[in-house]
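Step one of this worksheet: look at the structure below.
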Amino acid sequence: MTEIKSGAGVLPGGKVLHGGDLFERTLGKRKLFLKKKAGGFARKLILYALLVCIGFVFLYPFLYMIVNSFKSPEDLMNPAVTWIPSSLYLENYVKAFRTLDFARSFGNSLYISLIAAVLQTAVAAVTGYGLARFRVKLKGIITVLILATFVLPVETLLIPRYVMFNSYHLLDTPLPLWLSAFTGQGLKAAVFILVFQQIFASYPVSLDEAAELDGAGKYKVFWKIAVPIGRPAIVLSMLFSFVWYWNETRQSGLYFGEVIKTLPMRLGSFAASYESLYEGAGTTTDAAMSINEGVTLAGTLLSCLPILILFIILQRYFVESIEKSGITGE
Amino acid sequence: MKKKKRFQMTKRRRTALIGYSFLSLWILGFLVFTLYPVILSWVIGLSELEMGLSGIKYTFQGLRFFQYAFQTDAQFLPKLAESLGFICYATPVIVVLALLLALMLKGKYRGRTLFRTIFFMPVVIMSGPVISGLLGRYSVDFSEASPALFAFIDALPEVFRSPCMFVMENLVTVLWYSGVQILILLVSIQRISPELYEAASIDGASGWEKFWKITLPYTLPTLLVCALYTVIELANDSTNAVNTYIAEKMFDHKLGYYSYSTAMAWIYTGTVIAILLLIFCVLKFFQRKERKA
């Protein structure tokens with residue numbers, strides 16, 4: 001098959017290409033198409049206007065949060081100050097940082113979600129490979145059950161799992177979360193398993209067979225061939241598991257929320273902890289001391305910040321991993 | 001010959017065994033962390049719990065707690081209706097919006113990555129406390145920002161009015177829930193072979209016609225997945241009315257400790273699964289129709 005560079009040498013009605021080039025080729029063609037088309041400018045302008053408007057609505061709560069978190073109590077009271085605070089007021093952040101017990105809760109969030117994400121990804125890869133590459137009698141049933149675990153709301157499992165973990169004395173440790181992640185019953189595990197299955201089913205079996213002829217066992221084939229091929233799925237699974245575990249508060253709050261506090265949990269009880277920190281001294285009449293919107297929003301921003309930074313650094317991978325792993329349904 | 005056959009049999013069996021070894025972790029997890037809890041939750045839901053020193057004592061109560069939810073508890077049914085109503089309204093809106101946004105994002109132009117990043121960002125930071133702290137209070141208020149639009153919608157007949165009102169009131173929430181769907185639909189749209197569009201253009205089809213005759217039929221399976229995903233996502237949201245209520249009642253010892261919450265959770269699950277089945281059937285029906293045509 002001939003190699004085709006994007007944008008160059010693509011003739012209308014060009015011959016059939018291999019799948020990998022399709023995406024690039026589509027883009028290449030569109031470039032040609034746009035150049036030819038007259039009146040594309042007005043259309044583009046409308047498109048941009050629409051996108052900017054929608055983008056603004058998307059970001060509105062977010063911008064509001066950033067702006068108001070820098071406002072002093074006086075600015076917050078003053079209706080004339082809307083988008084630009086009269087001075088950069090950092091006190092909110094100092095208070096929020098202390099209220100969230102940031103360093104500790106950040107550490108908790110980090111190790112709990114990171115380990116859960118690694119475990120979940122590992123087991124999703126293994127299970128996906130098992131489903132994609134072996135003719136197993138129970139395959140149909142297992143696939144249905146995997147989908148069932150996705151459909152079943154967490155709510156129904158919350159209480160019995162709590163009772164179960166309670167009787168095994170696993171509460172107040174992150175183990176309930178890690179154990180369920182490591183056995184493929186974690187957060188949205190079904191999605192990741194199916195993504196891995198899809199990616200592992202999509203490359204030719206002959207690759208596996210060639211390695212086996214060279215003397216590799218099935219496990220070695222998985223490790224040496226399937227895992228490198230499944231890299232987009234690994235990226236996807238790691239990133240999303242991490243983010244979803246980071247943001248999860250319901251299960252973790254119930255299983256170990258009393259002892260180990262993650263960032264979102266701290267945010268959930270923000271008002272209460274703020275009170276005990278700053279208002280307990282009996283200075284509630286002081287306007288600068290009582291909780292206000294600015295502090296709450298600074299806390300919200302701080303609790304999202306680590307994930308946000310991760311997202312901004314890796315945003316290419318977030319978006320690309322979905323594209324490359326090619327989940328579109330079916 | 002015979003020996004060879006036996007060797008093949010064992011080889012096949014060995015491969016199957018290795019296959020099962022790949023699946024064993026998941027199977028174990030399913031039995032321990034899903035199947036057993038499901039059974040246990042029925043036991044809890046159907047009996048009254050007593051916390052003793054030696055552990056939990058179960059006394060069989062039949063459907064008492066389920067009955068209580070429907071007949072005695074004045075709060076449960078309205079909350080259930082609220083949550084289900086939200087799901088039913090929001091799902092079509094989210095799917096349609098996601099499709100529109102995916103269509104807008106599909107081309108290659110400057111700033112495309114930026115917009116994708118913006119539209120996807122909410123997925124990353126959405127957690128229960130953030131949603132309840134941010135979305136509930138600080139979304140765009142249309143009745144103030146644009147009174148003319150508000151008045152226009154208010155004057156529409158009821159059939160159009162209430163969905164439009166809903167979208168306006170929950171616009172940001174709805175948008176924030178559509179990040180994953182936008183990307184999935186985008187991938188699906190980009191997969192459609194450009195030759196199809198070219199052929200259609202040669203035959204004189206307009207953009208509008210191309211959308212209905214090519215884009216929509218090809219993305220229909222993805223739309224189905226998106227709709228199901230949306231329902232599951234919304235149903236699982238810990239801040240929705242039913243979920244909050246279930247969590248609230250969890251340690252109410254007058255109602256058999258966990259029993260009442262479990263019963264409510266199952267009622268909720270049942271209705272959500274009914275919605276999922278409905279969506280599945282409707283979209284499969286369309287797909288079949290499309291295939292025939």
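Ligands are numbered from 1 in the order shown, residues from 1 within each chain, and chains are lettered A, B, ... in the order they appear in the structure tokens.
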
Practice problem: Excluding stretch 44-59 of chain A and any residue of its chain fewer than 6 positions from it, enumerate the residues within 8 Å of it, using only C-alpha atoms, and give them as a PyMOL selection string. | Solution: chain B and resi 104+115+118-119+140+172+175-176

File dump, residues just selected, C-alpha atoms, as a CSV table (one decimal), in the first residue's frame:
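The result, written out as part.csv:
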chain,number,residue,atom,x,y,z
B,104,MET,CA,-19.4,22.4,14.9
B,115,PHE,CA,-12.7,24.8,22.0
B,118,ILE,CA,-13.2,24.1,27.0
B,119,PHE,CA,-16.0,21.8,26.2
B,140,VAL,CA,-26.3,32.1,33.8
B,172,VAL,CA,-24.9,25.1,32.2
B,175,LEU,CA,-23.7,21.5,28.9
B,176,TRP,CA,-21.4,20.3,31.6

Practice problem: Quick one: everything within 12 Å of A:Gly130, counting only C-alpha atoms, minus sequence neighbours fewer than 6 positions away in the same chain. Send it as number ranges by chain. | Solution: A: 123-124, 136-139, 142-143, 193-194, 196-198, 200-201, 218-219, 222, 226; B: 15-27

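Note that the spacing between atom CA of B:Ser178 and atom CA of B:Thr34 amounts to 28.2 Å.
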
Quiz item: Given the choices B:Thr244, B:Thr10, B:Ser41, B:Gln181, which gets closest to chain A if the distance is worked out from only C-alpha atoms?
Solution: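 Closest to chain A of all the choices is B:Ser41.
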
Please report as a tab-separated table every residue of stretch 143-262 of chain B lying within 12 Å of stretch 65-70 of chain B, along with the nearest atom pair and their distance in Å (one decimal), using only C-alpha atoms.
residue	atom	partner	partner_atom	distance
B:Val242	CA	B:Ala69	CA	11.9
B:Tyr245	CA	B:Ala69	CA	11.8
B:Ile246	CA	B:Ala69	CA	11.1
B:Lys249	CA	B:Ala69	CA	11.7
B:Lys254	CA	B:Phe65	CA	11.4
B:Leu255	CA	B:Phe65	CA	7.9
B:Gly256	CA	B:Phe65	CA	8.8
B:Tyr257	CA	B:Phe65	CA	11.2
B:Tyr258	CA	B:Phe65	CA	10.4
B:Ser259	CA	B:Phe65	CA	7.0
B:Tyr260	CA	B:Phe65	CA	5.5
B:Ser261	CA	B:Phe65	CA	8.8
B:Thr262	CA	B:Phe65	CA	8.8

Quiz item: Which is closest to chain B among A:Tyr64, A:Phe256, A:Tyr93, A:Phe102, if we use only C-alpha atoms?
Solution: A:Tyr64

Quiz item: Which residues in stretch 26-247 of chain A does DSSP call helix (DSSP H, G or I)? List them as JSON, numbers by chain.
Solution: {"A": [26, 27, 28, 29, 30, 31, 32, 33, 34, 35, 36, 40, 41, 42, 43, 44, 45, 46, 47, 48, 49, 50, 51, 52, 53, 54, 55, 56, 57, 58, 59, 60, 61, 62, 63, 64, 65, 66, 67, 68, 69, 73, 74, 75, 76, 77, 91, 92, 93, 94, 95, 96, 97, 98, 99, 100, 102, 103, 104, 105, 106, 107, 108, 109, 110, 111, 112, 113, 114, 115, 116, 117, 118, 119, 120, 121, 122, 123, 124, 125, 126, 127, 128, 129, 130, 131, 132, 133, 139, 140, 141, 142, 143, 144, 145, 146, 147, 148, 149, 150, 151, 154, 155, 156, 157, 158, 159, 160, 161, 162, 163, 164, 165, 166, 167, 175, 176, 177, 178, 179, 180, 181, 182, 189, 190, 191, 192, 193, 194, 195, 196, 197, 198, 199, 200, 201, 205, 206, 207, 208, 209, 210, 211, 212, 213, 218, 219, 220, 221, 222, 223, 224, 225, 226, 227, 228, 229, 231, 232, 233, 234, 235, 236, 237, 238, 239, 240, 241, 242, 243, 244, 245, 246, 247]}

Using only C-alpha atoms, I'd like a table of the residues in chain B that come within 7 Å of chain A; for each, show the closest atom pair and its distance in Å rounded to one decimal, ordered by chain and ascending number, as JSON lines.
{"residue": "B:Ala16", "atom": "CA", "partner": "A:Val136", "partner_atom": "CA", "distance": 5.8}
{"residue": "B:Gly19", "atom": "CA", "partner": "A:Gly130", "partner_atom": "CA", "distance": 5.3}
{"residue": "B:Phe22", "atom": "CA", "partner": "A:Gly130", "partner_atom": "CA", "distance": 5.0}
{"residue": "B:Leu23", "atom": "CA", "partner": "A:Thr127", "partner_atom": "CA", "distance": 5.0}
{"residue": "B:Leu25", "atom": "CA", "partner": "A:Thr183", "partner_atom": "CA", "distance": 5.3}
{"residue": "B:Trp26", "atom": "CA", "partner": "A:Thr183", "partner_atom": "CA", "distance": 5.0}
{"residue": "B:Leu28", "atom": "CA", "partner": "A:Thr183", "partner_atom": "CA", "distance": 6.9}
{"residue": "B:Gly29", "atom": "CA", "partner": "A:Thr183", "partner_atom": "CA", "distance": 4.4}
{"residue": "B:Phe30", "atom": "CA", "partner": "A:Gln185", "partner_atom": "CA", "distance": 6.6}
{"residue": "B:Phe33", "atom": "CA", "partner": "A:Ser180", "partner_atom": "CA", "distance": 6.5}
{"residue": "B:Pro37", "atom": "CA", "partner": "A:Pro160", "partner_atom": "CA", "distance": 5.0}
{"residue": "B:Val38", "atom": "CA", "partner": "A:Leu157", "partner_atom": "CA", "distance": 6.5}
{"residue": "B:Leu40", "atom": "CA", "partner": "A:Pro160", "partner_atom": "CA", "distance": 5.9}
{"residue": "B:Ser41", "atom": "CA", "partner": "A:Pro160", "partner_atom": "CA", "distance": 5.2}
{"residue": "B:Met104", "atom": "CA", "partner": "A:Leu47", "partner_atom": "CA", "distance": 7.0}
{"residue": "B:Lys108", "atom": "CA", "partner": "A:Leu27", "partner_atom": "CA", "distance": 6.7}
{"residue": "B:Thr117", "atom": "CA", "partner": "A:Gln315", "partner_atom": "CA", "distance": 6.7}
{"residue": "B:Ile118", "atom": "CA", "partner": "A:Gly55", "partner_atom": "CA", "distance": 6.6}
{"residue": "B:Phe119", "atom": "CA", "partner": "A:Phe58", "partner_atom": "CA", "distance": 6.8}
{"residue": "B:Val124", "atom": "CA", "partner": "A:Val243", "partner_atom": "CA", "distance": 6.2}
{"residue": "B:Ile125", "atom": "CA", "partner": "A:Cys304", "partner_atom": "CA", "distance": 5.9}
{"residue": "B:Met126", "atom": "CA", "partner": "A:Asn247", "partner_atom": "CA", "distance": 6.7}
{"residue": "B:Ser127", "atom": "CA", "partner": "A:Asn247", "partner_atom": "CA", "distance": 4.6}
{"residue": "B:Gly128", "atom": "CA", "partner": "A:Thr249", "partner_atom": "CA", "distance": 6.8}
{"residue": "B:Pro129", "atom": "CA", "partner": "A:Gly268", "partner_atom": "CA", "distance": 5.0}
{"residue": "B:Val130", "atom": "CA", "partner": "A:Thr300", "partner_atom": "CA", "distance": 6.5}
{"residue": "B:Leu134", "atom": "CA", "partner": "A:Pro61", "partner_atom": "CA", "distance": 6.5}
{"residue": "B:Leu135", "atom": "CA", "partner": "A:Pro61", "partner_atom": "CA", "distance": 6.7}
{"residue": "B:Tyr138", "atom": "CA", "partner": "A:Pro61", "partner_atom": "CA", "distance": 5.4}
{"residue": "B:Ser139", "atom": "CA", "partner": "A:Pro61", "partner_atom": "CA", "distance": 5.6}
{"residue": "B:Val172", "atom": "CA", "partner": "A:Phe58", "partner_atom": "CA", "distance": 6.2}
{"residue": "B:Leu175", "atom": "CA", "partner": "A:Phe58", "partner_atom": "CA", "distance": 6.6}
{"residue": "B:Trp176", "atom": "CA", "partner": "A:Phe58", "partner_atom": "CA", "distance": 6.8}
{"residue": "B:Ile184", "atom": "CA", "partner": "A:Thr328", "partner_atom": "CA", "distance": 5.6}
{"residue": "B:Leu185", "atom": "CA", "partner": "A:Thr328", "partner_atom": "CA", "distance": 6.9}
{"residue": "B:Val187", "atom": "CA", "partner": "A:Glu323", "partner_atom": "CA", "distance": 5.7}
{"residue": "B:Ser188", "atom": "CA", "partner": "A:Thr328", "partner_atom": "CA", "distance": 5.6}
{"residue": "B:Gln190", "atom": "CA", "partner": "A:Phe23", "partner_atom": "CA", "distance": 6.9}
{"residue": "B:Pro194", "atom": "CA", "partner": "A:Thr26", "partner_atom": "CA", "distance": 6.6}
{"residue": "B:Glu195", "atom": "CA", "partner": "A:Gly13", "partner_atom": "CA", "distance": 6.8}
{"residue": "B:Pro221", "atom": "CA", "partner": "A:Glu330", "partner_atom": "CA", "distance": 6.1}
{"residue": "B:Thr222", "atom": "CA", "partner": "A:Gly329", "partner_atom": "CA", "distance": 5.0}
{"residue": "B:Val225", "atom": "CA", "partner": "A:Gly329", "partner_atom": "CA", "distance": 5.6}
{"residue": "B:Ile232", "atom": "CA", "partner": "A:Val151", "partner_atom": "CA", "distance": 6.5}
{"residue": "B:Asn236", "atom": "CA", "partner": "A:Pro153", "partner_atom": "CA", "distance": 5.9}
{"residue": "B:Ser238", "atom": "CA", "partner": "A:Arg250", "partner_atom": "CA", "distance": 6.9}
{"residue": "B:Tyr258", "atom": "CA", "partner": "A:Ile159", "partner_atom": "CA", "distance": 6.8}
{"residue": "B:Thr262", "atom": "CA", "partner": "A:Thr156", "partner_atom": "CA", "distance": 6.5}
{"residue": "B:Ala265", "atom": "CA", "partner": "A:Thr156", "partner_atom": "CA", "distance": 5.3}
{"residue": "B:Trp266", "atom": "CA", "partner": "A:Thr156", "partner_atom": "CA", "distance": 6.3}
{"residue": "B:Thr269", "atom": "CA", "partner": "A:Pro153", "partner_atom": "CA", "distance": 6.5}

Exercise. Determine which residues of stretch 3-206 of chain B DSSP labels as strand (DSSP E or B) from the backbone of this structure, then write them out as a VMD selection string.
Key: chain B and resid 47 to 52 55 to 60

Exercise. Work out how far apart atom CA of B:Val43 and atom CA of B:Ile267 are and give it in Å to one decimal.
Key: 14.8 Å
